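Structure file coords_3.txt (compact mmCIF, C-alpha atoms) is printed below.
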# COMPACT_ATOMS: atom_id res chain seq x y z
CA MET A 1 176.10 20.31 117.12
CA VAL A 2 173.39 18.27 118.87
CA VAL A 3 172.49 16.57 115.57
CA PHE A 4 176.15 15.74 114.93
CA LEU A 5 176.57 14.18 118.37
CA ARG A 6 173.38 12.15 118.06
CA VAL A 7 174.22 10.78 114.61
CA ALA A 8 177.72 9.86 115.74
CA GLN A 9 176.28 8.02 118.74
CA GLU A 10 173.80 6.14 116.54
CA VAL A 11 176.51 5.11 114.10
CA PHE A 12 178.70 4.00 117.00
CA GLU A 13 175.93 1.75 118.30
CA SER A 14 175.40 0.16 114.89
CA HIS A 15 179.12 -0.40 114.36
CA ASN A 16 179.91 -1.57 117.87
CA SER A 17 179.59 -5.28 117.12
CA ALA A 18 182.08 -5.01 114.26
CA PHE A 19 184.86 -4.20 116.71
CA ASN A 20 183.98 -6.80 119.32
CA ASN A 21 186.91 -8.98 118.32
CA LEU A 22 189.14 -6.41 120.03
CA THR A 23 186.99 -6.07 123.15
CA MET A 24 188.55 -9.06 124.81
CA THR A 25 189.16 -9.66 128.49
CA GLN A 26 192.59 -8.02 128.36
CA ARG A 27 191.84 -4.99 126.18
CA ILE A 28 190.43 -1.51 126.69
CA THR A 29 188.30 -0.09 123.87
CA ALA A 30 187.18 3.50 123.35
CA THR A 31 185.10 4.99 120.53
CA TYR A 32 185.22 8.63 119.43
CA HIS A 33 183.58 11.10 117.08
CA LEU A 34 186.52 12.63 115.20
CA THR A 35 186.37 15.75 113.03
CA THR A 36 189.40 16.47 110.86
CA ALA A 37 190.43 17.99 107.54
CA ALA A 38 193.49 15.75 107.36
CA ASP A 39 193.84 12.25 105.92
CA PRO A 40 191.71 10.06 108.24
CA GLN A 41 193.97 7.01 108.11
CA ARG A 42 197.07 9.02 108.99
CA THR A 43 195.20 10.88 111.71
CA ALA A 44 193.94 7.65 113.26
CA ALA A 45 197.43 6.17 113.18
CA LEU A 46 198.87 9.32 114.74
CA ILE A 47 196.33 9.25 117.57
CA ALA A 48 196.89 5.55 118.19
CA GLY A 49 200.65 6.05 118.32
CA GLU A 50 200.43 9.11 120.57
CA GLN A 51 198.27 7.24 123.06
CA SER A 52 200.42 4.09 123.15
CA SER A 53 203.99 3.30 122.11
CA GLY A 54 204.62 5.80 119.29
CA THR A 55 206.05 9.30 118.99
CA PHE A 56 206.46 11.73 116.07
CA ILE A 57 209.46 9.84 114.66
CA ALA A 58 210.70 6.24 114.73
CA ILE A 59 213.20 5.68 117.53
CA PRO A 60 215.55 2.85 118.53
CA GLY A 61 213.84 0.28 120.73
CA GLU A 62 210.44 0.64 119.08
CA ASP A 63 210.75 -2.65 117.26
CA GLU A 64 207.97 -4.79 115.86
CA ALA A 65 207.82 -6.97 118.96
CA LEU A 66 207.23 -3.93 121.17
CA LYS A 67 204.60 -2.59 118.78
CA ALA A 68 202.81 -5.92 118.86
CA ARG A 69 202.80 -5.80 122.66
CA ALA A 70 201.87 -2.21 123.32
CA SER A 71 200.58 -0.33 120.29
CA ALA A 72 196.97 0.75 120.14
CA THR A 73 194.96 -0.73 117.29
CA TRP A 74 192.39 1.39 115.48
CA GLU A 75 189.50 1.36 113.04
CA ILE A 76 187.99 4.43 111.38
CA THR A 77 184.66 4.80 109.56
CA SER A 78 183.28 7.78 107.69
CA LEU A 79 180.15 9.42 109.15
CA ASP A 80 177.46 10.72 106.83
CA LEU A 81 177.18 14.15 108.38
CA PRO A 82 176.93 17.63 106.83
CA SER A 83 180.35 19.22 106.49
CA ASP A 84 182.17 21.90 104.52
CA SER A 85 184.76 21.14 101.85
CA LEU A 86 187.52 20.56 104.39
CA LEU A 87 186.22 19.14 107.66
CA LYS A 88 184.91 15.57 107.64
CA HIS A 89 183.41 13.42 110.40
CA TYR A 90 184.54 9.93 111.40
CA LEU A 91 183.87 7.22 113.94
CA LEU A 92 187.22 6.23 115.44
CA THR A 93 187.66 3.15 117.63
CA LEU A 94 190.90 2.58 119.55
CA SER A 95 191.90 -0.47 121.54
CA TRP A 96 194.78 -0.91 123.98
CA PRO A 97 196.21 -3.95 125.76
CA LEU A 98 195.47 -3.86 129.49
CA ASN A 99 199.17 -4.48 130.14
CA ASN A 100 199.95 -0.91 129.06
CA ILE A 101 198.46 0.63 132.21
CA GLY A 102 196.93 -2.08 134.36
CA ALA A 103 193.54 -1.67 136.01
CA SER A 104 193.99 1.97 137.03
CA LEU A 105 191.25 4.55 136.51
CA PRO A 106 193.57 7.61 136.77
CA ASN A 107 195.87 6.13 134.13
CA LEU A 108 192.91 5.02 132.06
CA LEU A 109 191.89 8.69 131.89
CA ALA A 110 195.35 9.62 130.61
CA THR A 111 195.07 6.95 127.92
CA ILE A 112 191.55 7.48 126.59
CA ALA A 113 191.34 11.26 127.21
CA GLY A 114 194.89 12.53 127.24
CA ASN A 115 197.01 14.25 124.58
CA LEU A 116 194.92 13.03 121.64
CA TYR A 117 192.51 15.99 121.88
CA GLU A 118 195.13 18.61 121.03
CA LEU A 119 196.99 16.84 118.23
CA ARG A 120 197.38 19.18 115.26
CA PRO A 121 195.18 17.27 112.75
CA VAL A 122 192.36 16.91 115.28
CA HIS A 123 189.77 19.63 114.82
CA ALA A 124 187.34 18.13 117.31
CA LEU A 125 187.12 14.87 119.25
CA ARG A 126 184.45 13.46 121.56
CA LEU A 127 184.64 10.19 123.51
CA LEU A 128 181.38 8.32 122.89
CA ASP A 129 181.87 5.14 124.90
CA ILE A 130 184.39 2.93 126.61
CA GLU A 131 184.59 -0.78 127.38
CA MET A 132 186.80 -1.93 130.24
CA PRO A 133 188.06 -5.47 130.85
CA GLN A 134 187.02 -7.50 133.87
CA ALA A 135 190.23 -6.58 135.68
CA PHE A 136 188.76 -3.14 136.41
CA ALA A 137 185.76 -4.73 138.11
CA GLN A 138 188.14 -6.61 140.37
CA ALA A 139 190.24 -3.53 141.13
CA TYR A 140 187.46 -1.07 142.04
CA PRO A 141 184.57 -1.39 144.50
CA GLY A 142 181.61 0.05 142.62
CA PRO A 143 178.69 1.52 144.61
CA ALA A 144 178.36 0.34 148.20
CA PHE A 145 174.64 1.12 148.37
CA GLY A 146 173.31 1.85 144.88
CA ILE A 147 169.59 1.51 144.23
CA ALA A 148 168.70 -1.17 146.77
CA GLY A 149 170.71 0.36 149.62
CA THR A 150 169.31 3.82 149.03
CA ARG A 151 165.76 2.49 148.98
CA GLN A 152 166.34 0.64 152.24
CA LEU A 153 167.73 3.73 153.98
CA THR A 154 164.94 6.01 152.76
CA GLY A 155 162.13 3.51 153.28
CA VAL A 156 160.85 4.02 149.72
CA PRO A 157 160.67 0.50 148.25
CA HIS A 158 159.05 0.92 144.83
CA LYS A 159 158.32 4.52 143.81
CA PRO A 160 160.59 7.33 142.61
CA LEU A 161 162.26 9.19 145.46
CA ILE A 162 160.97 12.74 145.77
CA GLY A 163 163.57 15.24 146.89
CA THR A 164 164.71 18.83 146.86
CA ILE A 165 167.71 21.13 147.06
CA ILE A 166 167.99 23.68 149.83
CA LYS A 167 167.07 27.04 148.31
CA PRO A 168 168.26 29.78 148.24
CA SER A 169 171.50 28.05 147.22
CA VAL A 170 173.61 30.18 149.54
CA GLY A 171 172.78 32.90 152.02
CA LEU A 172 170.90 30.87 154.61
CA SER A 173 172.45 30.38 158.05
CA SER A 174 172.72 26.97 159.68
CA GLN A 175 169.67 27.81 161.77
CA ASP A 176 167.70 28.90 158.69
CA THR A 177 168.63 25.67 156.92
CA ALA A 178 167.54 23.55 159.87
CA ALA A 179 164.21 25.39 160.01
CA MET A 180 163.65 24.63 156.33
CA VAL A 181 164.59 20.98 156.87
CA ASP A 182 162.01 20.87 159.65
CA GLN A 183 159.30 21.91 157.21
CA LEU A 184 160.48 19.45 154.57
CA CYS A 185 160.53 16.54 157.00
CA ALA A 186 157.06 17.45 158.23
CA ALA A 187 155.93 17.48 154.59
CA GLY A 188 157.11 13.88 154.09
CA ILE A 189 160.00 14.53 151.70
CA ASP A 190 162.26 11.54 150.93
CA PHE A 191 165.53 13.29 150.18
CA ILE A 192 167.23 16.66 150.72
CA LYS A 193 170.58 17.86 149.46
CA ASP A 194 172.80 20.88 149.88
CA ASP A 195 173.29 22.98 146.79
CA GLU A 196 176.75 22.40 145.33
CA LEU A 197 177.62 26.02 146.18
CA GLN A 198 177.02 25.40 149.88
CA ALA A 199 179.91 23.59 151.58
CA ASP A 200 181.63 25.11 154.61
CA GLY A 201 181.38 28.88 154.32
CA PRO A 202 181.56 31.14 157.40
CA ALA A 203 177.89 32.07 156.95
CA CYS A 204 176.77 28.44 157.19
CA PRO A 205 179.53 26.27 158.71
CA PHE A 206 179.41 22.60 157.78
CA ASP A 207 179.67 21.19 161.29
CA GLU A 208 176.99 23.44 162.70
CA ARG A 209 174.69 22.82 159.73
CA VAL A 210 175.02 19.05 160.08
CA ARG A 211 174.36 19.02 163.81
CA LEU A 212 171.33 21.29 163.62
CA CYS A 213 169.79 19.58 160.58
CA MET A 214 170.36 16.07 161.90
CA GLN A 215 168.77 17.04 165.20
CA VAL A 216 165.65 17.94 163.22
CA ILE A 217 165.81 14.81 161.06
CA ARG A 218 166.18 12.54 164.09
CA LYS A 219 163.22 14.24 165.79
CA HIS A 220 160.96 13.52 162.83
CA ALA A 221 162.31 9.98 162.45
CA GLU A 222 161.40 9.22 166.06
CA ARG A 223 157.90 10.50 165.41
CA THR A 224 157.24 8.87 162.03
CA GLY A 225 159.72 6.01 161.72
CA LYS A 226 161.00 7.56 158.46
CA LYS A 227 164.48 9.09 158.39
CA VAL A 228 164.86 11.62 155.60
CA MET A 229 168.09 11.21 153.63
CA TYR A 230 170.12 14.42 153.56
CA ALA A 231 173.17 14.55 151.25
CA PHE A 232 175.47 17.03 152.98
CA ASN A 233 178.00 18.60 150.60
CA LEU A 234 181.38 17.77 152.09
CA THR A 235 183.45 18.67 149.00
CA GLY A 236 186.86 19.94 150.06
CA GLU A 237 190.37 18.70 150.74
CA LEU A 238 190.66 14.97 151.33
CA ASP A 239 191.28 15.16 155.08
CA GLU A 240 188.37 17.60 155.42
CA MET A 241 186.05 15.29 153.48
CA ARG A 242 186.93 12.30 155.64
CA ARG A 243 186.38 14.25 158.85
CA ARG A 244 183.09 15.69 157.57
CA HIS A 245 181.90 12.23 156.53
CA ASP A 246 182.60 10.92 160.03
CA LEU A 247 180.64 13.78 161.58
CA VAL A 248 177.62 13.07 159.36
CA LYS A 249 177.79 9.38 160.24
CA SER A 250 178.12 10.06 163.98
CA GLU A 251 175.03 12.30 163.80
CA GLY A 252 173.01 9.52 162.19
CA GLY A 253 173.14 10.93 158.65
CA THR A 254 172.61 8.62 155.71
CA SER A 255 174.28 10.35 152.75
CA VAL A 256 177.05 12.70 151.70
CA MET A 257 177.58 14.65 148.48
CA LEU A 258 180.69 15.23 146.39
CA SER A 259 181.30 17.47 143.38
CA LEU A 260 183.11 15.01 141.11
CA ASN A 261 184.92 17.52 138.93
CA SER A 262 186.19 19.35 142.02
CA VAL A 263 187.64 16.35 143.87
CA GLY A 264 188.93 14.44 140.82
CA MET A 265 189.29 10.73 140.31
CA THR A 266 192.18 10.10 142.72
CA GLY A 267 190.58 12.21 145.45
CA PHE A 268 187.32 10.38 144.99
CA ASN A 269 188.97 6.95 145.09
CA ALA A 270 190.72 7.79 148.36
CA PHE A 271 187.47 9.06 149.85
CA ARG A 272 185.52 6.03 148.64
CA ARG A 273 187.88 3.73 150.55
CA HIS A 274 186.96 5.65 153.70
CA ALA A 275 183.23 6.14 153.11
CA GLN A 276 180.51 4.19 154.89
CA LEU A 277 177.56 6.24 153.61
CA PRO A 278 175.90 6.54 150.18
CA ILE A 279 177.74 8.99 147.93
CA HIS A 280 175.56 11.45 146.05
CA ALA A 281 177.62 12.49 143.01
CA HIS A 282 177.08 15.95 141.55
CA ARG A 283 178.29 16.62 138.02
CA ASN A 284 178.57 20.44 138.26
CA GLY A 285 181.08 21.55 135.67
CA TRP A 286 179.67 19.12 133.14
CA GLY A 287 179.42 21.98 130.65
CA TYR A 288 183.20 22.13 130.25
CA VAL A 289 183.51 18.34 130.10
CA GLN A 290 180.81 17.53 127.55
CA SER A 291 182.61 18.90 124.51
CA GLY A 292 185.11 16.05 124.83
CA TRP A 293 182.99 13.35 126.51
CA SER A 294 179.59 11.78 126.19
CA TYR A 295 177.88 11.24 129.53
CA VAL A 296 177.46 7.56 128.60
CA ALA A 297 181.24 7.15 128.69
CA TRP A 298 181.90 9.49 131.63
CA GLN A 299 179.43 7.93 134.04
CA LYS A 300 180.92 4.45 133.66
CA LEU A 301 184.16 5.47 135.35
CA TRP A 302 182.44 7.06 138.34
CA ARG A 303 180.04 4.15 138.82
CA LEU A 304 182.96 1.75 138.90
CA ALA A 305 184.80 4.05 141.32
CA GLY A 306 181.83 3.82 143.68
CA VAL A 307 179.20 6.58 143.47
CA ASP A 308 175.62 5.66 144.46
CA HIS A 309 173.59 8.48 142.86
CA MET A 310 174.48 10.41 139.67
CA HIS A 311 172.98 13.64 138.37
CA VAL A 312 171.74 13.40 134.78
CA ASN A 313 170.01 16.80 134.37
CA GLY A 314 166.26 16.62 133.67
CA ILE A 315 163.53 16.74 131.04
CA ALA A 316 162.81 20.27 129.72
CA ASN A 317 165.67 21.54 131.88
CA LYS A 318 167.05 25.04 132.26
CA PHE A 319 170.29 24.15 130.46
CA GLN A 320 171.19 23.49 126.81
CA GLU A 321 170.94 19.69 126.91
CA ASP A 322 168.02 18.17 125.01
CA ASP A 323 165.62 15.58 126.43
CA GLU A 324 166.96 12.69 124.35
CA SER A 325 170.46 13.20 125.74
CA VAL A 326 169.14 13.41 129.31
CA MET A 327 167.24 10.15 128.98
CA ALA A 328 170.21 8.37 127.39
CA SER A 329 172.23 9.40 130.44
CA ALA A 330 169.57 8.11 132.84
CA ARG A 331 169.21 4.80 131.04
CA ALA A 332 172.99 4.37 131.06
CA CYS A 333 173.05 4.62 134.88
CA LEU A 334 170.62 1.70 135.06
CA GLN A 335 172.53 -0.55 132.64
CA PRO A 336 174.84 -3.19 134.18
CA LEU A 337 178.51 -2.36 133.81
CA PHE A 338 179.90 -5.88 134.29
CA GLN A 339 178.09 -9.19 134.42
CA GLN A 340 179.24 -10.02 137.94
CA LYS A 341 179.32 -6.40 139.17
CA PRO A 342 176.44 -4.40 137.66
CA CYS A 343 177.34 -1.12 139.42
CA THR A 344 173.88 0.29 138.69
CA VAL A 345 173.16 3.63 140.38
CA ILE A 346 170.22 5.97 140.87
CA PRO A 347 169.89 8.62 138.13
CA VAL A 348 169.12 12.00 139.67
CA PHE A 349 166.81 14.32 137.74
CA SER A 350 167.06 18.02 138.57
CA SER A 351 167.37 21.50 136.99
CA GLY A 352 164.06 23.31 136.66
CA GLN A 353 161.88 20.29 137.41
CA THR A 354 158.17 20.62 138.27
CA VAL A 355 155.03 18.46 138.14
CA PHE A 356 155.15 18.86 134.34
CA GLN A 357 158.24 16.63 134.02
CA ALA A 358 156.85 13.54 135.78
CA HIS A 359 154.85 12.14 132.85
CA PRO A 360 157.45 12.57 130.08
CA THR A 361 160.23 11.28 132.35
CA TRP A 362 158.23 8.16 133.21
CA ASP A 363 157.19 7.62 129.59
CA LYS A 364 160.80 7.71 128.40
CA LEU A 365 162.45 5.81 131.28
CA GLN A 366 159.76 3.32 132.36
CA SER A 367 161.55 2.74 135.65
CA PRO A 368 160.79 3.99 139.17
CA ASP A 369 164.47 3.76 140.08
CA LEU A 370 165.21 7.47 140.10
CA LEU A 371 165.55 10.47 142.35
CA PHE A 372 163.45 13.46 141.28
CA LEU A 373 164.66 16.78 142.70
CA ALA A 374 162.64 19.98 142.49
CA GLY A 375 163.88 23.22 143.98
CA GLY A 376 161.73 26.11 142.84
CA GLY A 377 159.23 23.56 141.55
CA LEU A 378 158.56 22.61 145.16
CA PHE A 379 159.28 25.70 147.27
CA ALA A 380 157.31 28.04 144.98
CA HIS A 381 154.05 26.09 145.31
CA PRO A 382 151.37 28.58 146.41
CA GLY A 383 150.22 26.20 149.14
CA GLY A 384 153.67 25.97 150.72
CA ILE A 385 156.28 23.24 151.09
CA ALA A 386 153.94 20.40 152.09
CA ALA A 387 151.65 21.14 149.16
CA GLY A 388 154.68 21.20 146.87
CA VAL A 389 155.78 17.74 148.03
CA ASN A 390 152.25 16.35 147.70
CA ALA A 391 151.82 17.79 144.21
CA LEU A 392 155.02 16.11 143.00
CA ARG A 393 153.92 12.77 144.47
CA GLN A 394 150.49 13.14 142.88
CA ALA A 395 152.06 13.84 139.49
CA TRP A 396 154.30 10.79 139.70
CA ASP A 397 151.50 8.52 140.95
CA ALA A 398 149.38 9.65 138.00
CA ALA A 399 152.20 9.10 135.51
CA MET A 400 152.92 5.58 136.74
CA SER A 401 149.19 4.73 136.78
CA GLY A 402 148.60 5.91 133.23
CA VAL A 403 146.42 8.84 134.32
CA SER A 404 147.00 12.11 132.47
CA LEU A 405 148.27 15.15 134.36
CA GLU A 406 145.09 17.05 133.50
CA ALA A 407 142.80 14.28 134.79
CA ALA A 408 144.78 13.88 138.00
CA ALA A 409 144.76 17.64 138.58
CA GLN A 410 140.94 17.62 138.58
CA THR A 411 140.85 15.41 141.68
CA HIS A 412 143.98 16.65 143.53
CA ARG A 413 144.02 20.23 144.72
CA GLU A 414 147.79 20.50 145.30
CA LEU A 415 148.51 19.17 141.84
CA ARG A 416 145.93 21.48 140.26
CA GLU A 417 147.52 24.51 141.96
CA ALA A 418 150.98 23.39 140.82
CA VAL A 419 149.79 23.02 137.22
CA THR A 420 148.36 26.53 137.32
CA THR A 421 151.45 28.03 138.96
CA PHE A 422 154.24 26.32 137.05
CA GLY A 423 152.35 26.25 133.76
CA LYS A 424 152.87 29.99 133.63
CA ALA A 425 156.62 29.49 133.91
CA VAL A 426 156.94 26.86 131.17

Translate the structure of the given file into C-alpha cells.
Amino acid sequence: MVVFLRVAQEVFESHNSAFNNLTMTQRITATYHLTTAADPQRTAALIAGEQSSGTFIAIPGEDEALKARASATWEITSLDLPSDSLLKHYLLTLSWPLNNIGASLPNLLATIAGNLYELRPVHALRLLDIEMPQAFAQAYPGPAFGIAGTRQLTGVPHKPLIGTIIKPSVGLSSQDTAAMVDQLCAAGIDFIKDDELQADGPACPFDERVRLCMQVIRKHAERTGKKVMYAFNLTGELDEMRRRHDLVKSEGGTSVMLSLNSVGMTGFNAFRRHAQLPIHAHRNGWGYVQSGWSYVAWQKLWRLAGVDHMHVNGIANKFQEDDESVMASARACLQPLFQQKPCTVIPVFSSGQTVFQAHPTWDKLQSPDLLFLAGGGLFAHPGGIAAGVNALRQAWDAAMSGVSLEAAAQTHRELREAVTTFGKAV
C-alpha cells in the first residue's frame, strides 16, 4: 500500500501543472488516487456529479446553464501501478467553482471528502492534495503565532526546540506532574506538553494541574529569564476549552493543546476566534483518517484555520508510517499556503524519538524550524532528566554542525550514555 500511495503522489506532482488552467482564483481543486474496476470515465463523471449539481438521474431544473455554473469538472489519468485483472489505479482531479460553497472550511470538507468515498464503483479513494482560492485566505485567520511567535515566546531563536511529553501518559497526580515539570525546567527544556490522554480526569484535574505547573514554571522563569512553554491539553466541550484557555493565560501560560479529530473543524474555528495563545495541534486518530487523506492535503485546512504547531510523527517511529511520508508531512508544514498569507507552522516530531533521530531528521529536512519531542527517549536516560535533555541538544548540535553522532558521543558523556542506552532499543 505504501508503494501505491507514493507512486500516486509522484504522478500527481508531475501532472499538477497540466490542470493549472482550472486552478483559478475562483475555483477549488482536489486530486485523488482512485481505485476502481468500473469504467474510469463513467466513474469520474459520477463522482463529479455527486459532489456538485448531479444526482443518479437527470431531473427538471438541471439545465445546461446550471451545469455550466455549478458542475464539477474532472480529469482522469491512468496510473502505472500493479493491479489484478479487475482493479485499476487512476489519478483523478476535480475542480469546483467557489460559488458552490463559498469560503467555508466545513462545507469544503463536505465537498472534497463527502459522499464520493462510498459510491458503488469506488473501491478505494485517497485525497492527495487540495488547492484553495484566495477567498479562503481572506476568510480564515491562519496561525496567530506560527514559527516566529513560538520562537519569541520560548526564547529559542535559531535551533530546533527540544521538548517532551509528560510520562507516564496518565496516572500521575497534579502534584506529581508539577514535580516532574520542576525537574524539566531545571534541566533547561524548551517545551513540555500533556499527553493527549491527559485532559481533565478526576485523578489529575485540569485547573489544579495548570496552577501547580505554572507556579513551577514561573519560579524558574524568574530565576533564569526563560519561560518554558507548556501546551496544556484543554480538549473538551467548547465552553470548557474557552474557560481552560483563559485559566492558562491568566496563570502566565504560553500554549494550549487541542486534539483536532476530537474537536472537529467547527469546534476548532470557534475556539480559534477566542484563543490568544499558540495552539499546539495533535493529530491523534490520524490512523483512521489516513486511508482517505494524505497528510499533505489534511494539514492545509488546519493551518488555514489557525494552528501553530502540527504533529507529523517522526523518523524511525513506533507506528506504521515510513520516513519518506513523515518528512513529506514536515516539509509541507513549512511550505507557504498563500502568497500573502504563508500560514507556515512548526512541524512536531514525536513517537519513539531519541538521539538517533536527530541526524537523519536534519539531513532530510535541512531546517531548524521544528519541535523535537522525546518521551522515553529523554526520561529513560540513565543519567536522569537533565542528562536526557543535554544528550538531545548535543545530538542536534552535532547534526547541524556536520559532526557524526559517533564522533560527538566521544566528547559528550550524556550523548555517549544515550547512544549506549537507546541503541539497545533500536

Please build the interface table for segment 175-264 of chain A against segment 285-292 of chain A with a cut-off of 9 Å, listing for each qualifying residue the nearest atom pair and the distance in Å to one decimal; count all atoms listed in the file, order rows by chain and increasing number, and write it as JSON lines.
{"residue": "A:Ser259", "atom": "CA", "partner": "A:Gly285", "partner_atom": "CA", "distance": 8.7}
{"residue": "A:Leu260", "atom": "CA", "partner": "A:Gly285", "partner_atom": "CA", "distance": 8.7}
{"residue": "A:Asn261", "atom": "CA", "partner": "A:Gly285", "partner_atom": "CA", "distance": 6.5}
{"residue": "A:Ser262", "atom": "CA", "partner": "A:Gly285", "partner_atom": "CA", "distance": 8.4}

Show me a table, sorted first by chain and then by increasing residue number, of the residues of segment 332-372 of chain A having an atom at most 9 Å from segment 141-164 of chain A, each with its shortest atom pair and the distance in Å to one decimal, counting only C-alpha atoms and written as a tab-separated table.
residue	atom	partner	partner_atom	distance
A:Lys341	CA	A:Gly142	CA	7.7
A:Pro342	CA	A:Gly142	CA	8.4
A:Cys343	CA	A:Gly142	CA	5.5
A:Thr344	CA	A:Gly146	CA	6.4
A:Val345	CA	A:Gly146	CA	4.8
A:Ile346	CA	A:Ile147	CA	5.6
A:Ser350	CA	A:Thr164	CA	8.7
A:Ser367	CA	A:Pro160	CA	8.4
A:Pro368	CA	A:Pro160	CA	4.8
A:Asp369	CA	A:Pro160	CA	5.8
A:Leu370	CA	A:Pro160	CA	5.3
A:Leu371	CA	A:Leu161	CA	4.7
A:Phe372	CA	A:Ile162	CA	5.2

Go through A:Thr177, A:Gln26, A:Gln366, A:Gln410 one by one, measure the shortest atom-to-atom distance of each to Val210 of chain A using all atoms listed in the file, and give the residue with the smallest value. A:Thr177

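Of the residues listed (A:Pro278, A:Arg209, A:Leu337, A:Arg27), A:Leu337 shows the shortest atom-to-atom separation from Ala297 of chain A; distances use all atoms listed in the file.
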
Just the residues within 12 Å of Met241 of chain A, please, counting only C-alpha atoms, with nothing from its chain fewer than 5 positions along; format it as a ChimeraX atom specification. /A:199-200,206-207,232-236,246-248,256-259,263,267-268,270-272,274-275,279

Residue among A:Leu304, A:Leu91, A:Leu212, A:Ala186 lying closest to Ser173 of chain A, counting all atoms listed in the file: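 Distance minimum relative to Ser173 of chain A lands on A:Leu212.
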
Ranking A:Ala332, A:Leu373, A:Ala418, A:Met265 by minimum distance to Phe356 of chain A and counting all atoms listed in the file, which one comes first?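 Nearest to Phe356 of chain A: A:Ala418.
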
Of the residues A:Phe349, A:Trp96, A:Phe319, A:Tyr90, which is the one nearest to Met132 of chain A, using only C-alpha atoms? A:Trp96

Report as a list in words all protein, DNA and RNA residues lying within 12 Å of Ala44 of chain A, evaluated on all atoms listed in the file, omitting residues in the same chain fewer than 5 positions from it. Thr31, Tyr32, His33, Leu34, Thr35, Thr36, Ala38, Asp39, Gly49, Glu50, Gln51, Ala72, Thr73, Trp74, Glu75, Ile76, Thr77, Tyr90, Leu91, Leu92, Thr93, Leu94, Ser95, Leu116, Leu119, Pro121, Val122 and Leu125 of chain A

Would you save the residues of that selection, restricted to C-alpha atoms, as an mmCIF file, keeping the file's coordinate frame?
data_model
loop_
_atom_site.group_PDB
_atom_site.id
_atom_site.type_symbol
_atom_site.label_atom_id
_atom_site.label_comp_id
_atom_site.auth_asym_id
_atom_site.auth_seq_id
_atom_site.Cartn_x
_atom_site.Cartn_y
_atom_site.Cartn_z
ATOM 1 C CA THR A 31 185.100 4.990 120.530
ATOM 2 C CA TYR A 32 185.220 8.630 119.430
ATOM 3 C CA HIS A 33 183.580 11.100 117.080
ATOM 4 C CA LEU A 34 186.520 12.630 115.200
ATOM 5 C CA THR A 35 186.370 15.750 113.030
ATOM 6 C CA THR A 36 189.400 16.470 110.860
ATOM 7 C CA ALA A 38 193.490 15.750 107.360
ATOM 8 C CA ASP A 39 193.840 12.250 105.920
ATOM 9 C CA GLY A 49 200.650 6.050 118.320
ATOM 10 C CA GLU A 50 200.430 9.110 120.570
ATOM 11 C CA GLN A 51 198.270 7.240 123.060
ATOM 12 C CA ALA A 72 196.970 0.750 120.140
ATOM 13 C CA THR A 73 194.960 -0.730 117.290
ATOM 14 C CA TRP A 74 192.390 1.390 115.480
ATOM 15 C CA GLU A 75 189.500 1.360 113.040
ATOM 16 C CA ILE A 76 187.990 4.430 111.380
ATOM 17 C CA THR A 77 184.660 4.800 109.560
ATOM 18 C CA TYR A 90 184.540 9.930 111.400
ATOM 19 C CA LEU A 91 183.870 7.220 113.940
ATOM 20 C CA LEU A 92 187.220 6.230 115.440
ATOM 21 C CA THR A 93 187.660 3.150 117.630
ATOM 22 C CA LEU A 94 190.900 2.580 119.550
ATOM 23 C CA SER A 95 191.900 -0.470 121.540
ATOM 24 C CA LEU A 116 194.920 13.030 121.640
ATOM 25 C CA LEU A 119 196.990 16.840 118.230
ATOM 26 C CA PRO A 121 195.180 17.270 112.750
ATOM 27 C CA VAL A 122 192.360 16.910 115.280
ATOM 28 C CA LEU A 125 187.120 14.870 119.250
#

Might I get the box with edges along x, y and z of the file that holds all atoms of segment 278-286 of chain A listed there, padded by 4 Å on every side, given as centre and edge lengths in Å to one decimal, as JSON?
{"center_x": 178.3, "center_y": 14.0, "center_z": 141.7, "size_x": 13.5, "size_y": 23.0, "size_z": 25.0}

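Straight-line separation from atom CA of Asp129 of chain A to atom CA of Ala110 of chain A: 15.3 Å.
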
Could you please determine the separation between atom CA of Ala179 of chain A and atom CA of Arg413 of chain A in Å, to one decimal place?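 Interatomic distance, atom CA of Ala179 of chain A to atom CA of Arg413 of chain A: 25.8 Å.
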